[in-house]
Structures are given as structure tokens and as C-alpha cells.
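Below is the file structure.cif, which contains mmCIF, C-alpha atoms.
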data_start
#
loop_
_atom_site.label_atom_id
_atom_site.label_comp_id
_atom_site.auth_asym_id
_atom_site.auth_seq_id
_atom_site.Cartn_x
_atom_site.Cartn_y
_atom_site.Cartn_z
CA MET A 1 10.05 0.98 -66.81
CA ARG A 2 9.29 0.57 -63.06
CA THR A 3 10.53 3.18 -60.57
CA ARG A 4 12.87 2.34 -57.69
CA LEU A 5 10.09 2.87 -55.14
CA ALA A 6 7.71 0.49 -56.92
CA ALA A 7 10.42 -2.14 -57.18
CA ARG A 8 11.24 -1.82 -53.49
CA ILE A 9 7.58 -2.05 -52.56
CA GLY A 10 7.25 -5.20 -54.61
CA PHE A 11 10.30 -6.67 -52.89
CA LEU A 12 8.90 -5.70 -49.49
CA LEU A 13 5.56 -7.39 -50.20
CA LEU A 14 7.33 -10.58 -51.22
CA PHE A 15 9.47 -10.35 -48.07
CA VAL A 16 6.45 -9.94 -45.78
CA ILE A 17 4.60 -12.81 -47.50
CA ALA A 18 7.63 -15.07 -47.04
CA LEU A 19 7.85 -14.18 -43.35
CA ALA A 20 4.14 -14.81 -42.86
CA LEU A 21 4.42 -18.22 -44.54
CA ALA A 22 7.38 -19.11 -42.32
CA THR A 23 5.38 -18.19 -39.22
CA VAL A 24 2.44 -20.35 -40.37
CA VAL A 25 4.75 -23.29 -41.04
CA ARG A 26 6.28 -22.97 -37.54
CA ALA A 27 2.81 -22.88 -35.95
CA GLN A 28 1.67 -25.92 -37.94
CA THR A 29 4.74 -27.98 -37.04
CA SER A 30 4.23 -27.30 -33.32
CA THR A 31 0.50 -28.01 -33.06
CA SER A 32 1.04 -31.64 -32.07
CA THR A 33 2.88 -30.70 -28.86
CA PRO A 34 0.09 -28.49 -27.37
CA ALA A 35 -2.47 -31.16 -28.24
CA SER A 36 -0.40 -33.81 -26.49
CA ILE A 37 0.03 -31.58 -23.46
CA GLN A 38 -3.70 -30.85 -23.28
CA ALA A 39 -4.45 -34.58 -23.40
CA GLN A 40 -2.22 -35.11 -20.36
CA ILE A 41 -3.91 -32.20 -18.56
CA ASP A 42 -7.36 -33.67 -19.26
CA GLN A 43 -6.20 -37.06 -17.97
CA ASN A 44 -4.83 -35.47 -14.77
CA ASN A 45 -8.09 -33.59 -14.19
CA ALA A 46 -10.09 -36.81 -14.52
CA GLN A 47 -7.84 -38.53 -11.98
CA ILE A 48 -8.10 -35.55 -9.62
CA GLN A 49 -11.89 -35.73 -9.78
CA GLN A 50 -11.81 -39.45 -8.94
CA LEU A 51 -9.41 -38.86 -6.03
CA ASN A 52 -11.57 -36.06 -4.65
CA THR A 53 -14.52 -38.46 -4.64
CA GLU A 54 -12.44 -40.90 -2.59
CA ILE A 55 -11.40 -38.13 -0.18
CA ALA A 56 -15.06 -37.17 0.37
CA GLN A 57 -15.86 -40.81 1.15
CA TYR A 58 -13.00 -41.01 3.68
CA GLN A 59 -14.24 -37.80 5.33
CA THR A 60 -17.76 -39.23 5.63
CA GLN A 61 -16.35 -42.32 7.31
CA LEU A 62 -14.20 -40.17 9.61
CA ASP A 63 -17.21 -38.11 10.66
CA ALA A 64 -19.12 -41.28 11.46
CA THR A 65 -16.19 -42.74 13.43
CA THR A 66 -15.81 -39.68 15.63
CA GLN A 67 -19.37 -40.17 16.85
CA LYS A 68 -18.58 -43.63 18.19
CA LYS A 69 -17.46 -44.45 21.71
CA GLN A 70 -13.77 -43.76 22.20
CA THR A 71 -11.92 -47.05 22.19
CA LEU A 72 -8.55 -48.24 20.97
CA GLN A 73 -10.17 -49.71 17.88
CA SER A 74 -12.08 -46.52 17.04
CA SER A 75 -8.91 -44.45 17.54
CA LEU A 76 -6.94 -46.73 15.23
CA THR A 77 -9.78 -46.64 12.70
CA GLN A 78 -9.72 -42.82 12.75
CA ILE A 79 -5.96 -42.80 12.27
CA ASN A 80 -6.13 -45.28 9.39
CA LEU A 81 -8.86 -43.25 7.68
CA SER A 82 -6.80 -40.09 8.17
CA ILE A 83 -3.80 -41.82 6.60
CA LYS A 84 -5.89 -42.90 3.60
CA LYS A 85 -7.41 -39.44 3.23
CA THR A 86 -4.02 -37.72 3.47
CA THR A 87 -2.48 -40.17 1.00
CA ALA A 88 -5.26 -39.40 -1.48
CA SER A 89 -4.80 -35.66 -0.86
CA ILE A 90 -1.09 -36.02 -1.60
CA SER A 91 -1.95 -37.76 -4.88
CA VAL A 92 -4.33 -34.91 -5.76
CA THR A 93 -1.66 -32.31 -5.06
CA GLN A 94 0.92 -34.22 -7.09
CA LYS A 95 -1.52 -34.35 -10.01
CA GLN A 96 -2.20 -30.63 -9.60
CA ILE A 97 1.53 -29.94 -9.64
CA SER A 98 1.90 -32.03 -12.79
CA THR A 99 -1.00 -30.20 -14.43
CA THR A 100 0.41 -26.80 -13.52
CA GLN A 101 3.82 -27.77 -14.90
CA LEU A 102 2.16 -28.83 -18.16
CA GLN A 103 0.22 -25.55 -18.29
CA ILE A 104 3.45 -23.63 -17.72
CA SER A 105 5.01 -25.61 -20.58
CA GLN A 106 2.05 -24.64 -22.77
CA LEU A 107 2.45 -20.99 -21.87
CA GLN A 108 6.20 -21.04 -22.44
CA SER A 109 5.65 -22.58 -25.87
CA GLY A 110 3.09 -19.87 -26.62
CA ILE A 111 5.52 -17.20 -25.43
CA ALA A 112 8.25 -18.53 -27.72
CA GLN A 113 5.92 -18.59 -30.75
CA LYS A 114 4.55 -15.14 -30.00
CA GLN A 115 8.05 -13.75 -29.49
CA SER A 116 9.10 -15.21 -32.85
CA ALA A 117 6.05 -13.69 -34.56
CA ILE A 118 6.82 -10.30 -33.02
CA GLU A 119 10.40 -10.47 -34.29
CA VAL A 120 9.09 -11.24 -37.80
CA GLU A 121 6.66 -8.33 -37.66
CA GLU A 122 9.33 -5.98 -36.34
CA ALA A 123 11.69 -6.95 -39.18
CA GLY A 124 9.00 -6.28 -41.81
CA LEU A 125 8.01 -3.05 -40.09
CA ALA A 126 11.59 -1.80 -40.01
CA GLN A 127 12.00 -2.47 -43.74
CA SER A 128 8.71 -0.68 -44.46
CA ILE A 129 9.74 2.37 -42.44
CA ARG A 130 13.10 2.57 -44.25
CA LEU A 131 11.35 2.60 -47.63
CA LEU A 132 8.91 5.27 -46.47
CA ASN A 133 11.76 7.42 -45.18
CA GLU A 134 13.53 7.14 -48.53
CA ALA A 135 10.33 8.08 -50.37
CA ASP A 136 9.65 11.03 -48.06
CA MET A 137 13.18 12.38 -48.54
CA GLU A 138 12.92 12.26 -52.34
CA PRO A 139 11.58 15.59 -53.75
CA LEU A 140 8.48 15.41 -55.95
CA SER A 141 10.46 16.85 -58.87
CA VAL A 142 12.95 14.01 -58.67
CA THR A 143 10.14 11.48 -58.53
CA LEU A 144 8.56 13.01 -61.65
CA LEU A 145 11.87 13.08 -63.55
CA SER A 146 12.75 9.49 -62.59
CA SER A 147 9.32 8.19 -63.69
CA ASP A 148 8.25 7.24 -67.18
CA GLY A 149 5.63 9.95 -67.07
CA ILE A 150 2.98 11.67 -65.01
CA THR A 151 0.87 8.51 -64.83
CA SER A 152 3.78 6.43 -63.54
CA ALA A 153 4.61 9.12 -60.97
CA TRP A 154 1.06 9.06 -59.62
CA GLU A 155 1.26 5.28 -59.44
CA ASP A 156 4.38 5.62 -57.29
CA ILE A 157 2.59 8.08 -55.02
CA ASP A 158 -0.38 5.69 -54.70
CA ALA A 159 2.01 2.86 -53.94
CA ASN A 160 3.65 4.99 -51.29
CA GLU A 161 0.28 5.70 -49.68
CA MET A 162 -0.60 1.99 -49.78
CA LEU A 163 2.68 1.19 -48.07
CA GLN A 164 1.96 3.81 -45.41
CA ASN A 165 -1.41 2.19 -44.71
CA ALA A 166 0.25 -1.22 -44.47
CA VAL A 167 2.80 0.18 -42.00
CA ASP A 168 0.03 1.64 -39.85
CA GLN A 169 -1.76 -1.72 -39.83
CA ASN A 170 1.49 -3.51 -39.01
CA ILE A 171 2.09 -1.17 -36.07
CA ALA A 172 -1.40 -1.90 -34.72
CA THR A 173 -0.87 -5.65 -35.13
CA LEU A 174 2.53 -5.47 -33.45
CA SER A 175 1.06 -3.54 -30.52
CA ALA A 176 -1.68 -6.16 -30.08
CA ASP A 177 0.88 -8.98 -30.28
CA LYS A 178 3.05 -7.35 -27.63
CA GLN A 179 0.04 -6.97 -25.32
CA SER A 180 -0.85 -10.60 -25.91
CA LEU A 181 2.75 -11.60 -25.10
CA SER A 182 2.64 -9.53 -21.91
CA ASP A 183 -0.64 -11.23 -20.88
CA THR A 184 0.83 -14.67 -21.59
CA LYS A 185 3.93 -13.90 -19.53
CA THR A 186 1.72 -12.67 -16.65
CA SER A 187 -0.29 -15.88 -16.84
CA ALA A 188 2.94 -17.90 -16.75
CA GLN A 189 4.10 -16.01 -13.66
CA GLN A 190 0.75 -16.68 -11.96
CA LYS A 191 1.06 -20.38 -12.77
CA ASN A 192 4.56 -20.38 -11.29
CA THR A 193 3.17 -18.82 -8.10
CA GLN A 194 0.40 -21.43 -8.06
CA LEU A 195 3.01 -24.16 -8.52
CA LEU A 196 5.02 -22.92 -5.53
CA GLN A 197 1.85 -22.92 -3.38
CA GLN A 198 0.99 -26.46 -4.50
CA GLN A 199 4.51 -27.60 -3.64
CA SER A 200 4.15 -25.99 -0.21
CA ASN A 201 0.81 -27.78 0.27
CA LEU A 202 2.44 -31.06 -0.74
CA LYS A 203 5.18 -30.58 1.84
CA ALA A 204 2.57 -29.92 4.56
CA GLN A 205 0.53 -32.96 3.51
CA GLN A 206 3.61 -35.18 3.54
CA GLY A 207 4.40 -33.89 7.02
CA SER A 208 0.81 -34.62 8.04
CA LEU A 209 1.11 -38.18 6.79
CA SER A 210 4.38 -38.67 8.66
CA ALA A 211 2.90 -37.26 11.90
CA THR A 212 -0.17 -39.49 11.63
CA GLN A 213 1.87 -42.60 10.97
CA ASN A 214 4.15 -41.79 13.93
CA ALA A 215 1.11 -41.28 16.19
CA GLN A 216 -0.24 -44.64 15.07
CA SER A 217 3.07 -46.34 15.87
CA GLN A 218 3.27 -44.66 19.29
CA LEU A 219 -0.32 -45.63 20.15
CA LEU A 220 0.33 -49.26 19.23
CA ALA A 221 3.59 -49.26 21.21
CA GLN A 222 1.94 -47.74 24.31
CA THR A 223 -1.08 -50.02 24.31
CA LYS A 224 0.48 -53.15 22.82
CA SER A 225 -2.83 -53.45 20.96
CA GLN A 226 -4.66 -54.10 24.24
CA GLU A 227 -7.99 -52.34 24.78
CA SER A 228 -7.57 -52.52 28.56
CA THR A 229 -4.21 -50.76 28.38
CA TYR A 230 -5.74 -48.00 26.28
CA GLU A 231 -8.50 -47.51 28.85
CA GLN A 232 -5.89 -47.24 31.62
CA ILE A 233 -4.00 -44.54 29.72
CA ILE A 234 -7.20 -42.52 29.24
CA ALA A 235 -8.03 -42.86 32.94
CA GLN A 236 -4.51 -41.74 33.93
CA LYS A 237 -4.77 -38.69 31.68
CA LYS A 238 -8.08 -37.67 33.23
CA ALA A 239 -6.69 -38.11 36.75
CA GLN A 240 -3.51 -36.16 35.98
CA GLU A 241 -5.48 -33.37 34.29
CA ALA A 242 -6.89 -32.25 37.64
CA SER A 243 -3.45 -32.31 39.27
CA PHE A 244 -1.92 -30.35 36.40
CA GLU A 245 -4.65 -27.69 36.36
CA SER A 246 -4.34 -27.23 40.12
CA ALA A 247 -0.57 -26.68 39.93
CA LEU A 248 -1.00 -24.36 36.96
CA ASP A 249 -3.57 -22.28 38.83
CA ASN A 250 -1.14 -21.94 41.75
CA LEU A 251 1.42 -20.52 39.36
CA LYS A 252 -1.14 -18.13 37.87
CA ALA A 253 -1.85 -16.84 41.38
CA GLN A 254 1.87 -16.37 42.13
CA TYR A 255 2.27 -14.24 38.99
CA ASN A 256 -0.99 -12.37 39.38
CA GLN A 257 0.61 -9.04 38.59
CA ALA A 258 -1.32 -6.05 37.33
CA ILE A 259 -1.48 -5.65 33.56
CA ASN A 260 -1.17 -2.26 31.93
CA PRO A 261 -4.23 -1.90 29.66
CA ASP A 262 -1.96 -0.31 27.04
CA GLN A 263 -0.13 -3.63 26.81
CA ILE A 264 -3.24 -5.47 25.67
CA THR A 265 -4.06 -5.37 21.98
CA GLN A 266 -7.61 -4.19 21.54
CA PRO A 267 -9.83 -7.04 20.33
CA ALA A 268 -10.86 -6.96 16.69
CA PRO A 269 -11.95 -9.77 14.36
CA GLY A 270 -9.21 -10.84 11.98
CA ILE A 271 -6.14 -9.78 13.99
CA LEU A 272 -5.39 -13.50 14.15
CA GLN A 273 -6.14 -16.20 11.59
CA TRP A 274 -7.60 -19.60 12.43
CA PRO A 275 -4.78 -22.06 13.12
CA ILE A 276 -6.79 -24.91 11.57
CA TYR A 277 -7.97 -24.63 7.97
CA GLY A 278 -11.26 -25.96 6.68
CA THR A 279 -14.32 -26.66 8.81
CA ILE A 280 -13.91 -25.32 12.37
CA ARG A 281 -15.49 -27.49 15.07
CA ILE A 282 -15.14 -26.07 18.59
CA THR A 283 -15.31 -28.63 21.39
CA GLN A 284 -14.78 -26.19 24.26
CA TYR A 285 -14.88 -22.40 24.41
CA PHE A 286 -12.86 -19.95 26.48
CA GLY A 287 -13.88 -18.98 30.02
CA ASP A 288 -16.73 -20.22 32.17
CA THR A 289 -18.07 -22.80 29.78
CA PRO A 290 -20.69 -25.34 30.88
CA TYR A 291 -17.94 -27.96 31.02
CA ALA A 292 -15.70 -25.70 33.12
CA GLU A 293 -18.57 -24.92 35.48
CA ALA A 294 -19.41 -28.60 35.80
CA HIS A 295 -15.76 -29.25 36.71
CA ALA A 296 -15.11 -26.22 38.92
CA ALA A 297 -12.47 -28.04 40.94
CA LEU A 298 -10.56 -28.80 37.77
CA TYR A 299 -10.38 -25.16 36.71
CA SER A 300 -10.36 -23.60 40.20
CA GLY A 301 -13.29 -21.43 39.18
CA HIS A 302 -11.25 -19.61 36.51
CA GLY A 303 -12.78 -21.35 33.52
CA HIS A 304 -11.10 -22.73 30.43
CA ASP A 305 -8.07 -20.67 29.40
CA GLY A 306 -8.16 -21.35 25.68
CA LEU A 307 -10.16 -22.64 22.75
CA ASP A 308 -10.34 -26.34 21.89
CA ILE A 309 -10.70 -27.09 18.17
CA ALA A 310 -11.39 -30.62 16.97
CA ALA A 311 -8.79 -31.82 14.49
CA PRO A 312 -7.87 -35.36 13.41
CA ILE A 313 -4.33 -36.43 14.29
CA GLY A 314 -1.90 -35.09 11.71
CA THR A 315 -3.93 -32.00 10.74
CA PRO A 316 -1.52 -29.15 9.83
CA VAL A 317 -1.48 -26.39 12.46
CA HIS A 318 -0.75 -22.91 11.09
CA ALA A 319 0.70 -19.81 12.72
CA ALA A 320 -2.20 -17.47 13.53
CA LEU A 321 0.03 -14.44 12.92
CA SER A 322 3.62 -13.75 11.94
CA GLY A 323 6.11 -13.68 14.79
CA THR A 324 8.98 -15.48 16.50
CA ILE A 325 8.85 -18.92 18.09
CA LEU A 326 9.23 -18.05 21.78
CA ALA A 327 9.55 -21.66 22.94
CA THR A 328 8.50 -25.24 22.30
CA GLY A 329 8.09 -28.12 24.71
CA ASN A 330 7.01 -31.70 25.24
CA THR A 331 5.64 -32.54 28.67
CA ASP A 332 5.14 -36.14 27.57
CA ALA A 333 8.91 -36.52 27.74
CA ILE A 334 8.44 -36.58 31.53
CA LYS A 335 6.92 -39.85 32.70
CA GLY A 336 3.46 -39.47 34.20
CA CYS A 337 3.10 -35.84 33.11
CA TYR A 338 -0.20 -35.41 31.27
CA SER A 339 -0.41 -31.69 30.60
CA PHE A 340 0.11 -29.73 27.37
CA GLY A 341 1.95 -32.56 25.64
CA LYS A 342 3.81 -31.13 22.66
CA TRP A 343 3.32 -27.37 22.50
CA VAL A 344 4.50 -24.27 20.61
CA MET A 345 4.26 -20.62 21.65
CA ILE A 346 4.69 -17.72 19.21
CA LYS A 347 5.45 -14.15 20.27
CA HIS A 348 3.91 -11.51 18.01
CA ASP A 349 4.80 -7.85 17.54
CA ASP A 350 1.37 -6.61 18.67
CA GLY A 351 1.75 -7.65 22.32
CA LEU A 352 0.11 -11.04 21.91
CA ASN A 353 1.42 -14.58 22.31
CA THR A 354 -0.36 -17.55 20.81
CA MET A 355 -0.23 -21.07 22.25
CA TYR A 356 -0.71 -24.35 20.34
CA ALA A 357 -0.91 -27.51 22.50
CA HIS A 358 -1.52 -31.29 22.32
CA LEU A 359 0.41 -31.50 19.03
CA SER A 360 1.53 -34.81 17.58
CA GLN A 361 4.57 -33.26 15.94
CA ILE A 362 6.44 -29.93 16.18
CA SER A 363 7.92 -28.47 12.99
CA VAL A 364 9.62 -25.32 14.35
CA SER A 365 12.25 -24.39 16.92
CA ALA A 366 12.78 -21.53 19.38
CA GLY A 367 13.97 -18.30 17.78
CA GLN A 368 12.63 -19.17 14.35
CA GLU A 369 10.73 -16.50 12.43
CA VAL A 370 7.37 -17.60 11.02
CA ALA A 371 4.82 -15.93 8.77
CA THR A 372 1.04 -16.04 9.08
CA GLY A 373 -0.14 -19.40 7.80
CA ASP A 374 3.19 -21.23 8.11
CA VAL A 375 2.86 -24.82 9.32
CA ILE A 376 4.31 -24.99 12.84
CA GLY A 377 3.25 -28.55 13.67
CA TYR A 378 0.49 -31.13 13.43
CA SER A 379 -2.48 -31.75 15.69
CA GLY A 380 -2.64 -34.74 18.01
CA GLU A 381 -3.77 -35.82 21.46
CA THR A 382 -0.57 -35.61 23.45
CA GLY A 383 -0.69 -34.46 27.07
CA TYR A 384 -3.96 -34.75 28.97
CA ALA A 385 -6.04 -34.70 25.78
CA THR A 386 -8.43 -37.65 25.61
CA GLY A 387 -9.28 -37.04 21.98
CA PRO A 388 -7.51 -35.44 19.01
CA HIS A 389 -7.81 -31.64 19.12
CA LEU A 390 -5.83 -28.40 19.20
CA HIS A 391 -5.77 -26.28 22.33
CA PHE A 392 -5.35 -22.70 21.09
CA GLY A 393 -4.61 -19.94 23.59
CA VAL A 394 -3.98 -16.20 23.37
CA TYR A 395 -1.83 -14.60 26.09
CA VAL A 396 -0.68 -11.09 26.99
CA SER A 397 2.95 -11.17 25.92
CA SER A 398 4.37 -8.82 28.57
CA VAL A 399 3.26 -10.98 31.53
CA THR A 400 3.86 -14.46 30.10
CA LYS A 401 6.70 -16.50 31.59
CA ILE A 402 8.16 -19.81 30.42
CA ILE A 403 8.78 -21.61 33.74
CA PRO A 404 8.86 -25.12 35.27
CA LEU A 405 5.59 -26.23 36.79
CA GLY A 406 7.57 -27.38 39.83
CA GLN A 407 7.75 -23.79 41.06
CA ALA A 408 4.17 -24.26 42.24
CA THR A 409 4.50 -27.81 43.57
CA ASN A 410 7.88 -27.84 45.33
CA GLY A 411 8.96 -30.46 42.85
CA THR A 412 6.48 -33.07 44.06
CA ALA A 413 4.02 -33.25 41.17
CA PRO A 414 4.63 -35.54 38.16
CA CYS A 415 4.91 -32.45 35.94
CA SER A 416 7.24 -30.50 38.27
CA LYS A 417 10.08 -30.62 35.71
CA ALA A 418 7.87 -29.74 32.79
CA THR A 419 8.39 -26.26 31.37
CA MET A 420 5.45 -24.36 29.92
CA PRO A 421 4.06 -20.84 29.37
CA VAL A 422 2.31 -19.30 32.39
CA PRO A 423 0.69 -15.84 32.67
CA PRO A 424 -1.46 -14.55 35.54
CA VAL A 425 -5.18 -15.23 35.26
CA SER A 426 -5.78 -11.81 33.71
CA GLY A 427 -3.12 -12.58 31.08
CA TYR A 428 -5.37 -15.06 29.27
CA LEU A 429 -7.46 -13.56 26.45
CA ASN A 430 -10.46 -14.95 24.63
CA PRO A 431 -9.20 -16.15 21.21
CA LEU A 432 -12.61 -15.58 19.60
CA ASN A 433 -12.18 -11.83 20.17
CA TYR A 434 -9.21 -11.84 17.77
CA LEU A 435 -10.12 -14.52 15.23
CA PRO A 436 -12.10 -13.88 12.02
CA ALA A 437 -15.85 -13.85 12.53
CA THR A 438 -16.41 -17.01 10.52
CA SER A 439 -18.99 -19.75 10.96
CA TYR A 440 -18.00 -22.78 13.00
CA ILE A 441 -19.64 -25.88 14.43
CA ASN A 442 -20.50 -25.83 18.13
CA ASP A 443 -19.63 -29.27 19.45
CA THR A 444 -18.98 -28.37 23.10
CA GLN A 445 -19.06 -30.90 25.86
#
Please render this file's structure as C-alpha cells.
Amino acid sequence: MRTRLAARIGFLLLFVIALALATVVRAQTSTSTPASIQAQIDQNNAQIQQLNTEIAQYQTQLDATTQKKQTLQSSLTQINLSIKKTTASISVTQKQISTTQLQISQLQSGIAQKQSAIEVEEAGLAQSIRLLNEADMEPLSVTLLSSDGITSAWEDIDANEMLQNAVDQNIATLSADKQSLSDTKTSAQQKNTQLLQQQSNLKAQQGSLSATQNAQSQLLAQTKSQESTYEQIIAQKKAQEASFESALDNLKAQYNQAINPDQITQPAPGILQWPIYGTIRITQYFGDTPYAEAHAALYSGHGHDGLDIAAPIGTPVHAALSGTILATGNTDAIKGCYSFGKWVMIKHDDGLNTMYAHLSQISVSAGQEVATGDVIGYSGETGYATGPHLHFGVYVSSVTKIIPLGQATNGTAPCSKATMPVPPVSGYLNPLNYLPATSYINDTQ
């Protein structure tokens, strides 16, 4: 005759075996879905690799085009290559988003299976613990009396010890499964974060494509596809540049107030981030550059008041630091005014303002809060720019005014109605003193 403990142990073993078989069956029935998902992921990765090869080819062609003489045809060629490159980049990002969504699906499936397995193990563990508790509460004398003899009693005790060992092993397995589930959930959260970043990148790339296409349409409308018209526009910009810089310098002199040194953030690499991502190619530095010295009349001997960074039309421009959009403007809206073109100024909490000029498109508005790295617009060649680039300036916030240029010209200059940021000469700071000490290409004029 078997004891109650032995019978319960036998039932428990059958119960655990049944649960284990059910878990195996569930895993086997779901194996086709992960395999199908992985096949889609592999296909996406192959397409991404092919697209990246195309992007590299477009970039090589772009680099070669920028070395050619600036003509209407070369400008249109650059824009078309930028459109093709951006379109391919959008396709890459869409594939990456699809892949990440598939990976999240994989992880969620794994989470569901692991959660189910944990529930099975917990059910078996609970039953095992109940039987052990019953055995522990039963006095040895009762166990001996309820057994068929001493031998049977010792068998029950051995069975109880075996069950205890099984419970200990089950606890260890359950702990490992829970850690595995926690790791899988963490991985799923990381993939979700990655997905959000990819979606943000896609939005920026789509904005870049739109800005580039708009710039192409505007260029064709302005020139009517005539090379001679394009050359006239470039000549007008160069002529108006001198007039603009002269009026701007007059305003700087009018507001040449003393600056409290405590109001100037001490220079340190990394206070600001580069507003253009990727390879940095500087076409003109801050201050008395060779170009500024060769054109002393243009800069009134004060040198270049910012940093010029080469960037194809439509390149996303990022906030160098978190802050508030102080103002935006578009001097091109005033006929014959070739100055900053489309510009954005951000006021930061550390006493600095940052200026972004010659944009093709503005994506923010005055009063808006932005975080470091947010896209605030797209590069272009509006204003007196004769090639696509970003003019990046750093100003002392406390002495910067947003005023009409006409205050220095009695309303006679073409840009007299144009509003733009103006500090005194001492209010301009060298951006390189605040940007990360990273490598960049020197392509100065």
C-alpha cells in the first residue's frame, strides 16, 4: 500500500511532465513565425546594404561636382544628386524602421513564450511547496504508523528529500527564466527607443528632401533655366554683400557698448555641438581670415564674424544647444536684399546666442523651445551666399539686438527693412572655442 505522500509525489511528477510537454508543443507550433520574421529581416538588411552602396556613389559624384566651376548646370546637378542621395537615405531609414519593428515583434513573441513558461514553472513550484509543507507538518510517528512498515516509511522520507531537491532546482530555473525575461524586456525597450530615433531621422530626411526640391524649383523659377540669368544673380549677390556688410558694421559701431566679462561664457570645447552632422568642411573661419584680409573693405577690418560650414542644399541643421528660438527671418523676402537670407537665432541659458544663416528652409518659430540636436531648418544658399553653406555664429546674448538694418542706412539701402541680429563687434565670439575639438576639413578660400 502506497502512502499519501508517495501518491501525491507521483501525481506531482505527472503534472510537471504534462506542463513541460505543453510548453514544448507551444514552442514547436510557434517556430515558423520567428523563422519567417528573420527571413524578412535578412531581406531588409540586404536591401539596406545595396542602398548604402548607391548612397556612397552619389556622395562621390557630389564631391566631384563641388570641385567644378559654379554654373547653373553644376548647381542643378548638385541639387539632383542631393535629391537622389536623400531619397536613397529615406529608403534606408524606412527599411531600418521595418527591421526594428520586426525585431520588436520577435522580442514580444519571446516575451510571451517566456512569460507562459514562467507561469507553468510557478504553478508546478507552488504545488511542490504545498506538498513539502504537508510533509513537514506531519510528525514522524504519524508517518511511521501510516506506512506499511519501516522500509516504506524510509521510502517516503527519501521521496520527500527528492521532492525537496526538485523544488530547489525549480527555484533556480525560475530565477534564471525571470532574469532572461527581464533582459528580453530591456532589449525590447531599447529597440523601441531605436525605433523612435529612426522615425525622427526619417522625418528630418523627408524635410531635407522637401527643402531641396523647393530650392530646385526656386532656382529654376529665378533663372528660367538661363545660364546668363544665373550669372547675373551671382554678380548681384557679390555686389550687395559689400553694401550689407558696410551697413552691418555701422550698426555694430552704434551698439559698441562695453561687455561685462561675467556675461561671457568661458570658452570650453563641447559647450556647443556641431550644427551639421557628418564630415565637417570649413570654408571660412572666424576673425581675420586670409579671405577677410584680402577683402578688408568688405569686413571693415573686423574680420569674419562667424564660421562657414559647407553643406549641400537640404542638409539638416541642428540646434547646437538647447534653448529658445529668439527670432527667425528671411531677408530674401525684401527685393534686392542679399544678406543673411533665411536665418534662425537661438538664445541659450548660458549667456550665448547661436546664429544659423543662409538656410533654404526654416522649421521653427520664435518662442519655441528646442533641445540640443533638434532640426531647426535646412542648409541652403539664400542671402548673399554664392554657394551652399551654413553661416554659424556665436553671440553674447546680453548685448545682441534684433533690429532693422535701416537704422544704420537711414532707410536707403536695399536691406533697410530687413530685420536681423546685431551685437557690437566685441559681442561676436569664435565658434571654434565652444565646439567639440573634432577633426574637420580645411577648405578655406
Run through the PyMOL selection byres ((chain A and resi 206-212) around 10) on the given coordinates and return the selected residues as a ChimeraX atom specification.
/A:79-80,82-87,89-90,200-205,213-218,312-317,359-363,375,377-380
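Here the PyMOL selection byres ((chain A and resi 336) around 12) matches the residues Ile233, Gln236, Lys237, Lys238, Ala239, Gln240, Glu241, Ser243, Phe244, Thr331, Asp332, Ala333, Ile334, Lys335, Cys337, Tyr338, Ser339, Gly341, Gly383, Tyr384, Ala413, Pro414, Cys415, Ser416, Lys417 and Ala418 of chain A.
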Explicit residues for the PyMOL selection byres ((chain A and resi 369) around 7) (as a list in words)
Gly323, Thr324, Ile325, Gly367, Gln368, Val370 and Ala371 of chain A
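Nearest-residue note for Ile129 of chain A: choosing from A:Ile97, A:Ala88, A:Ile111, A:Ile171, the minimum distance belongs to A:Ile171, counting all atoms listed in the file.
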Can you tell me, as a VMD selection string, which residues sit within 8 Å of (-11.7, -14.5, 12.4) in the file's frame, using only C-alpha atoms?
chain A and resid 269 to 274 432 434 to 438
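When all atoms listed in the file are used to compute distances to Gln49 of chain A, the closest of the residues A:Ala357, A:Ala319, A:Val92, A:Ala112 turns out to be A:Val92.
One finds atom CA of Ser182 of chain A at 24.3 Å from atom CA of Gln198 of chain A.
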Assuming 6 Å of padding per side, give the centre and edge lengths of the axis-aligned box around every listed atom of segment 184-198 of chain A, in Å to one decimal and as AutoDock Vina command-line options.
--center_x 2.4 --center_y -19.6 --center_z -12.5 --size_x 17.3 --size_y 25.8 --size_z 30.2
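Counting only C-alpha atoms, the residue from A:Ala320, A:Leu72, A:Leu248, A:Ile376 that sits nearest to Phe340 of chain A is A:Leu248.
Here the question is which of A:Val344, A:Val364, A:Leu107, A:Leu125 gets nearest to Thr184 of chain A using all atoms listed in the file, and that residue is A:Leu107.
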For Val396 of chain A, which of A:Gln263, A:Asn433, A:Thr372, A:Ser75 is the closest residue, counting all atoms listed in the file?
A:Gln263
For atom CA of Ser225 of chain A and atom CA of Gln78 of chain A, quote the distance in Å rounded to one decimal.
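The value is 15.1 Å.
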Any idea what the distance is between atom CA of Ser175 of chain A and atom CA of Ser109 of chain A?
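Taking atom CA of Ser175 of chain A as the start and atom CA of Ser109 of chain A as the end point, the length is 20.1 Å.
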My list of candidates is A:Arg281, A:Val120, A:Ile259, A:Glu381. Which is closest to Ser397 of chain A when distances are computed with all atoms listed in the file?
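Going through A:Arg281, A:Val120, A:Ile259, A:Glu381 one by one, the smallest distance to Ser397 of chain A is for A:Ile259.
Excluding Asp63 of chain A itself and same-chain residues fewer than 5 positions from it, the residues having an atom within 12 Å of it are Ala56, Gln57, Tyr58, Lys68, Ser74, Thr77, Gln78, Leu81, Ser82, Thr279, Arg281, Ala310, Ala311 and Pro312 of chain A, counting only C-alpha atoms.
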